[in-house]
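Please read the structure below before turning to the comments.
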Amino acid sequence: MPAVGIVPVGGGTEYPGKLTLYVLITCMVAGMGGLIFGYDIGISGGVTTMPSFLKKFFLSIYEKQQNDNSKNQYCKYNSETLTLFTSSLYLAALLASLVASTVTRKFGRKLSMLFGGLLFFAGALINGFAKAVWMLIVGRILLGFGVGFANQSVPLYLSEMAPYKYRGSLNIGFQLSITIGILVANVLNYFFAKIKGGWGWRLSLGGAMVPALIITVGSLVLPDTPNSMIERGQTTEAKEKLRKIRGVDNVDQEFNDLVAASKSSKLVEHPWTNLLQRKYRPHLTMAILIPFFQQLTGINVIMFYAPVLFNTIGFKNDASLMSAVITGVVNVAATLVSIYGVDKWGRRFLFLEGGAQMLICQAIVAACIGAKFGTDGDPGNLPKWYAIVVVLFICIYVAGFAWSWGPLGWLVPSEIFPLEIRSAAQSINVSVNMLFTFVVAQIFLQMLCHLKFGLFLFFAFFVLMMSIFVYFFLPETKNIPIEEVALVWKSHWYWSRFVQDLEVPNGGLEMGRGNIKTF
Ligand code: BGC
């Protein structure tokens with residue numbers, strides 16, 4: 001049996017420093033960068049089901065939906081134009097994250113965050129006042145640009161700012177904000193949809209200006225990360241900043257490691273082509289597979305379509321919106337669990353536990369839906385207990401995601417790349433994430449129509465694959481300073497053969513730092 005999980009323990013790299021109030025507040029403010037992404041995920045599904053919105057902008061779709069009397073719940077009328085409109089944001093985000101790579105690297109993490117906030121604000125403004133479809137589309141593209149910039153820079157910012165022992169928890173502030181954004185948006189939709197006169201959608205869409213302002217102001221007051229300051233030549237200021245962040249005077253060892261990381265980073269002129277080098281094979285693999293797998297858990301089927309899904313299994317309109325709120329609350333609460341545990345139990349444990357939990361729930365939900373809806377999709381009258389059981393297992397599934405692939409899908413990529421490729425690799429992570437969010441959103445309804453209850457088994461298959469992948473190929477990174485993560489690849493049973501040329505500041509292993517423990 002190969003040694004699959006490897007952790008350097010103890011052995012010298014105990015940077016002095018504590019969790020200062022300064023760093024805590026800084027990370028909380030920066031983490032709020034996730035609000036814009038979350039708010040949009042939560043708001044758009046609801047808005048595109050508001051009749052007044054559809055009547056104004058997509059009249060033909062509205063009329064077709066009204067005339068759709070089919071009993072087959074698997075194949076309800078579905079408009080590709082409407083989904084394309086919603087998911088156009090993800091394509092814009094994909095493009096923006098590639099541009100953000102250069103901004104983040106050359107001008108600092110903060111500037112990308114600022115761009116993220118401003119673009120999102122502009123998009124929200126245009127959407128809130130939209131009078132024609134073209135305004136909606138321009139607005140959505142701007143929102144997407146905003147998300148691309150923010151998701152590229154915020155996770156990196158957090159992972160660099162945090163003391164390494166608390167890196168997991170502080171980074172997950174980003175995911176926590178995503179989940180809070182989703183929940184708030186769901187609740188707001190619920191109330192705005194009831195506004196007489198049917199202009200509530202303007203508030204829903206325009207409301208995105210609030211989280212946009214939070215990240216915009218945040219990025220103006222936040223300090224830059226020492227890693228990024230050194231990379232941009234501000235060495236003296238960076239040392240001062242590091243002292244302030246860590247709350248101790250003696251930061252020499254960490255500072256020297258950052259400088260060394262930055263030196264090797266400066267040798268790299270083309271981070272993109274560099275990524276193709278053999279020594280970055282594990283990083284490139286993770287930058288692609290982690291976001292791919294995150295989306296193939298099927299989570300956004302729940303996030304985007306929960307009200308529709310709950311409606312299908314027999315909840316009336318209000319009740320199905322309420323159950324969307326319930327999954328939203330579970331999502332937030334379970335994220336708190338991972339904030340508590342990620343630096344104690346480690347990333348691998350959460351990945352594997354969450355994976356098993358999701359797998360079991362998906363199998364049960366598939367069986368429940370299969371039993372009642374069969375293959376013709378006509379369930380007849382559904383008993384109340386049945387709907388409750390399905391909602392319960394969907395909640396347990398959401399909890400499994402929310403303490404594993406949700407936060408770790410952003411945390412792990414942000415901490416495993418060496419400085420020289422960090423920004424570029426993070427852009428790949430965001431792009432792949434956005435691409436597959438787009439794909440899942442775009443084809444979900446057709447897949448449901450064809451695969452029926454088997455759709456849940458389709459996602460379950462991927463959950464199984466990703467768990468096996470994590471077990472064999474993802475090394476543990478808890479409690480390892482960010483610029484020393486290279487060590488874990490060097491001692492990994494599989495990846496070690498690729499990374500022998502990978503530099504570790506101050507020699508890493510040779511300095512006796514890597515007391516390797518295998519399990
Ligand atoms: C994912 C989103 C998802 C959200 C749910 C995030 O980590 O990237 O696609 O909607 O979690 O909480």
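A note on labels: chains of the structure tokens are A, B, ... as shown, every chain counts residues from 1, and ligands are counted from 1 in their shown order.
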Near segment 325-336 of chain A, counting only C-alpha atoms, which residues have an atom at most 8 Å away, once you skip same-chain residues fewer than 4 positions from it, shown as a short mmCIF file (atom, residue, chain, number, x, y, z; two decimals) with C-alpha atoms, in the first residue's frame?
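For reference, result14.cif as written:
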data_model
loop_
_atom_site.label_atom_id
_atom_site.label_comp_id
_atom_site.auth_asym_id
_atom_site.auth_seq_id
_atom_site.Cartn_x
_atom_site.Cartn_y
_atom_site.Cartn_z
CA ILE A 172 -12.79 29.58 4.58
CA GLN A 175 -16.67 30.33 1.38
CA LEU A 176 -18.63 31.45 4.44
CA THR A 179 -22.92 30.82 1.59
CA ILE A 180 -24.18 33.90 3.45
CA ILE A 182 -26.67 32.78 -1.24
CA LEU A 183 -28.86 32.68 1.85
CA ASN A 186 -32.82 33.63 -1.29
CA VAL A 187 -34.55 35.36 1.59
CA LEU A 321 -39.03 28.63 -1.34
CA TYR A 340 -13.55 24.95 13.15
CA ILE A 394 -30.74 16.90 0.43
CA CYS A 395 -29.84 18.88 3.55
CA VAL A 398 -25.54 20.04 1.30
CA ALA A 399 -23.88 19.82 4.73
CA GLY A 400 -21.40 17.27 3.35
CA ALA A 402 -20.39 22.67 2.75
CA TRP A 403 -17.68 21.29 4.99
CA PRO A 407 -14.56 25.55 1.08
#
Next on the checklist: Please return as JSON, numbers by chain the residues found within 8 Å of ligand 1, counting only C-alpha atoms and all ligand atoms.
Outcome noted: {"A": [38, 41, 175, 178, 179, 182, 291, 294, 295, 299, 300, 303, 304, 331, 332, 401, 402, 405, 406, 407, 408, 409, 410, 433, 434, 437]}
Preceding selection exported with N, CA, C and O atoms as an mmCIF file, in the first residue's frame:
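Result written to out-v7.cif:
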data_model
loop_
_atom_site.group_PDB
_atom_site.id
_atom_site.type_symbol
_atom_site.label_atom_id
_atom_site.label_comp_id
_atom_site.auth_asym_id
_atom_site.auth_seq_id
_atom_site.Cartn_x
_atom_site.Cartn_y
_atom_site.Cartn_z
ATOM 1 N N GLY A 38 -21.730 34.754 -4.039
ATOM 2 C CA GLY A 38 -22.848 34.074 -3.395
ATOM 3 C C GLY A 38 -24.169 34.767 -3.690
ATOM 4 O O GLY A 38 -25.172 34.118 -4.011
ATOM 5 N N ILE A 41 -25.329 33.841 -7.102
ATOM 6 C CA ILE A 41 -25.816 32.455 -7.220
ATOM 7 C C ILE A 41 -27.238 32.375 -6.661
ATOM 8 O O ILE A 41 -28.125 31.764 -7.234
ATOM 9 N N GLN A 175 -15.526 31.213 1.661
ATOM 10 C CA GLN A 175 -16.669 30.328 1.384
ATOM 11 C C GLN A 175 -17.847 30.679 2.283
ATOM 12 O O GLN A 175 -18.998 30.623 1.853
ATOM 13 N N ILE A 178 -19.657 33.319 0.698
ATOM 14 C CA ILE A 178 -20.436 32.826 -0.454
ATOM 15 C C ILE A 178 -21.774 32.280 0.057
ATOM 16 O O ILE A 178 -22.844 32.632 -0.441
ATOM 17 N N THR A 179 -21.690 31.458 1.114
ATOM 18 C CA THR A 179 -22.925 30.817 1.586
ATOM 19 C C THR A 179 -23.881 31.855 2.189
ATOM 20 O O THR A 179 -25.089 31.766 2.019
ATOM 21 N N ILE A 182 -25.587 33.597 -0.651
ATOM 22 C CA ILE A 182 -26.665 32.781 -1.241
ATOM 23 C C ILE A 182 -27.926 32.859 -0.366
ATOM 24 O O ILE A 182 -29.036 33.087 -0.848
ATOM 25 N N PRO A 291 -11.409 22.169 -9.168
ATOM 26 C CA PRO A 291 -12.656 22.866 -9.512
ATOM 27 C C PRO A 291 -13.609 22.018 -10.357
ATOM 28 O O PRO A 291 -14.829 22.109 -10.202
ATOM 29 N N GLN A 294 -15.296 19.846 -7.971
ATOM 30 C CA GLN A 294 -16.202 20.603 -7.096
ATOM 31 C C GLN A 294 -17.560 20.794 -7.777
ATOM 32 O O GLN A 294 -18.609 20.630 -7.174
ATOM 33 N N GLN A 295 -17.523 21.138 -9.044
ATOM 34 C CA GLN A 295 -18.784 21.364 -9.739
ATOM 35 C C GLN A 295 -19.515 20.058 -10.050
ATOM 36 O O GLN A 295 -20.728 20.021 -10.108
ATOM 37 N N ILE A 299 -23.586 20.253 -6.785
ATOM 38 C CA ILE A 299 -24.121 21.173 -5.778
ATOM 39 C C ILE A 299 -24.983 22.270 -6.378
ATOM 40 O O ILE A 299 -25.998 22.658 -5.798
ATOM 41 N N ASN A 300 -24.597 22.749 -7.557
ATOM 42 C CA ASN A 300 -25.353 23.887 -8.081
ATOM 43 C C ASN A 300 -26.717 23.514 -8.641
ATOM 44 O O ASN A 300 -27.557 24.374 -8.864
ATOM 45 N N MET A 303 -28.319 24.522 -5.612
ATOM 46 C CA MET A 303 -28.282 25.970 -5.397
ATOM 47 C C MET A 303 -29.159 26.717 -6.411
ATOM 48 O O MET A 303 -29.838 27.656 -6.082
ATOM 49 N N PHE A 304 -29.115 26.304 -7.673
ATOM 50 C CA PHE A 304 -29.884 27.013 -8.695
ATOM 51 C C PHE A 304 -31.340 26.555 -8.748
ATOM 52 O O PHE A 304 -32.223 27.334 -9.025
ATOM 53 N N ASN A 331 -26.278 25.167 4.664
ATOM 54 C CA ASN A 331 -25.045 25.485 3.939
ATOM 55 C C ASN A 331 -24.129 26.387 4.784
ATOM 56 O O ASN A 331 -22.932 26.134 4.926
ATOM 57 N N VAL A 332 -24.725 27.429 5.376
ATOM 58 C CA VAL A 332 -23.925 28.351 6.197
ATOM 59 C C VAL A 332 -23.415 27.626 7.446
ATOM 60 O O VAL A 332 -22.222 27.675 7.775
ATOM 61 N N PHE A 401 -21.231 18.757 1.450
ATOM 62 C CA PHE A 401 -20.509 19.624 0.508
ATOM 63 C C PHE A 401 -19.938 20.833 1.249
ATOM 64 O O PHE A 401 -18.799 21.236 1.027
ATOM 65 N N ALA A 402 -20.757 21.397 2.144
ATOM 66 C CA ALA A 402 -20.392 22.673 2.754
ATOM 67 C C ALA A 402 -19.210 22.557 3.709
ATOM 68 O O ALA A 402 -18.587 23.560 4.038
ATOM 69 N N TRP A 405 -15.952 19.877 -0.121
ATOM 70 C CA TRP A 405 -15.584 20.415 -1.429
ATOM 71 C C TRP A 405 -15.904 21.899 -1.596
ATOM 72 O O TRP A 405 -15.257 22.577 -2.384
ATOM 73 N N GLY A 406 -16.897 22.386 -0.877
ATOM 74 C CA GLY A 406 -17.228 23.815 -0.987
ATOM 75 C C GLY A 406 -16.029 24.675 -0.610
ATOM 76 O O GLY A 406 -15.399 25.307 -1.463
ATOM 77 N N PRO A 407 -15.684 24.696 0.673
ATOM 78 C CA PRO A 407 -14.565 25.547 1.084
ATOM 79 C C PRO A 407 -13.216 25.065 0.554
ATOM 80 O O PRO A 407 -12.377 25.869 0.155
ATOM 81 N N LEU A 408 -13.027 23.738 0.507
ATOM 82 C CA LEU A 408 -11.701 23.243 0.118
ATOM 83 C C LEU A 408 -11.430 23.466 -1.362
ATOM 84 O O LEU A 408 -10.276 23.583 -1.781
ATOM 85 N N GLY A 409 -12.483 23.560 -2.132
ATOM 86 C CA GLY A 409 -12.326 23.847 -3.563
ATOM 87 C C GLY A 409 -11.700 25.214 -3.794
ATOM 88 O O GLY A 409 -11.151 25.490 -4.859
ATOM 89 N N TRP A 410 -11.794 26.090 -2.804
ATOM 90 C CA TRP A 410 -11.135 27.400 -2.914
ATOM 91 C C TRP A 410 -9.871 27.455 -2.085
ATOM 92 O O TRP A 410 -8.886 28.094 -2.464
ATOM 93 N N ASN A 433 -13.540 26.268 -12.752
ATOM 94 C CA ASN A 433 -14.724 26.286 -11.897
ATOM 95 C C ASN A 433 -15.911 26.936 -12.630
ATOM 96 O O ASN A 433 -17.017 26.397 -12.683
ATOM 97 N N MET A 434 -15.649 28.092 -13.220
ATOM 98 C CA MET A 434 -16.721 28.820 -13.903
ATOM 99 C C MET A 434 -17.227 28.044 -15.118
ATOM 100 O O MET A 434 -18.413 27.997 -15.398
ATOM 101 N N THR A 437 -19.407 25.305 -13.857
ATOM 102 C CA THR A 437 -20.648 25.839 -13.292
ATOM 103 C C THR A 437 -21.589 26.125 -14.462
ATOM 104 O O THR A 437 -22.773 25.799 -14.441
#
Item to check | DSSP-assigned alpha helix (DSSP H) among segment 359-518 of chain A, expressed as a VMD selection string | outcome: chain A and resid 359 to 373 384 to 402 405 to 416 419 to 451 454 to 473 486 to 490
Item to check | Residue nearest Lys55 of chain A - candidates A:Trp201, A:Phe107, A:Phe498, A:Trp385, atoms counted: only C-alpha atoms | outcome: A:Trp201
Checklist outcome for this item: Of A:Lys344, A:Lys76, A:Phe53, A:Asn151, the one sitting nearest Gly197 of chain A when using only C-alpha atoms is A:Phe53
Checklist entry - Got a sec: who's within 12 Å of Leu95 of chain A, counting only C-alpha atoms, leaving out chain neighbours fewer than 2 positions off, as a PyMOL selection string? => result chain A and resi 88-93+97-101+141-142+144-149+152+427-428+430-435
Checklist entry - Closest to Thr477 of chain A among A:Tyr164, A:Tyr305, A:Phe373, A:Phe191, using only C-alpha atoms? => result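 When distances to Thr477 of chain A are compared using only C-alpha atoms, the smallest one comes from A:Tyr164.
Of the listed residues (A:Gly207, A:Pro223, A:Pro475, A:Gly168), A:Pro475 comes nearest to Ser496 of chain A; the distances count only C-alpha atoms.
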Next on the checklist: Measuring between only C-alpha atoms, which one of A:Thr297, A:Asn189, A:Ser169, A:Ser491 shows the shortest distance to Val337 of chain A?
Outcome noted: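 For Val337 of chain A, the nearest of the given residues is A:Ser169.
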Next on the checklist: What's around Leu352 of chain A at 9 Å? Count only C-alpha atoms, leave out sequence neighbours fewer than 4 positions away in its own chain, and write the answer as a PyMOL selection string.
Outcome noted: chain A and resi 347-348+356-357+404+467-468+470-471
Export of the given selection (N, CA, C and O atoms) as a compact mmCIF listing (two decimals), in the first residue's frame:
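Okay, this is what ended up in selection-v2.txt:
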# COMPACT_ATOMS: atom_id res chain seq x y z
N ARG A 347 -7.30 18.71 5.66
CA ARG A 347 -8.12 18.82 4.44
C ARG A 347 -8.58 17.44 3.97
O ARG A 347 -9.72 17.27 3.53
N ARG A 348 -7.68 16.48 4.01
CA ARG A 348 -8.01 15.16 3.47
C ARG A 348 -9.18 14.52 4.21
O ARG A 348 -10.08 13.93 3.61
N ALA A 356 -18.02 10.81 1.27
CA ALA A 356 -18.82 9.63 1.62
C ALA A 356 -20.26 10.07 1.93
O ALA A 356 -21.23 9.45 1.48
N GLN A 357 -20.38 11.17 2.67
CA GLN A 357 -21.71 11.66 3.05
C GLN A 357 -22.55 12.03 1.82
O GLN A 357 -23.72 11.68 1.72
N SER A 404 -16.77 20.25 3.00
CA SER A 404 -15.67 19.61 2.28
C SER A 404 -15.38 20.35 0.96
O SER A 404 -14.70 21.37 0.95
N SER A 467 -13.35 11.15 -4.64
CA SER A 467 -12.87 10.70 -3.33
C SER A 467 -11.66 9.78 -3.51
O SER A 467 -10.68 9.87 -2.77
N ILE A 468 -11.75 8.92 -4.52
CA ILE A 468 -10.61 8.03 -4.79
C ILE A 468 -9.40 8.88 -5.18
O ILE A 468 -8.27 8.66 -4.72
N VAL A 470 -8.71 11.99 -4.32
CA VAL A 470 -8.15 12.67 -3.14
C VAL A 470 -7.34 11.66 -2.32
O VAL A 470 -6.22 11.95 -1.88
N TYR A 471 -7.91 10.49 -2.14
CA TYR A 471 -7.23 9.50 -1.29
C TYR A 471 -5.82 9.21 -1.80
O TYR A 471 -4.87 9.17 -1.03
Checklist entry - When you draw a straight line from atom CA of Thr216 of chain A to atom CA of Ala122 of chain A, how long is it in Å? => result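 Spanning atom CA of Thr216 of chain A to atom CA of Ala122 of chain A is a straight-line distance of 11.5 Å.
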Item to check | All residues 9 Å or closer to Ala460 of chain A, only C-alpha atoms, same chain fewer than 6 positions away omitted, as a list of chain:residue names | outcome: A:Leu296, A:Thr297, A:Gly298, A:Met358, A:Leu359, A:Ile360, A:Cys361, A:Gln362, A:Ala363
Checklist entry - Out of A:Ala185, A:Asp378, A:Asp249, A:Ile388, which residue has the shortest atom-to-atom distance to Gly45 of chain A when counting only C-alpha atoms? => result A:Ala185
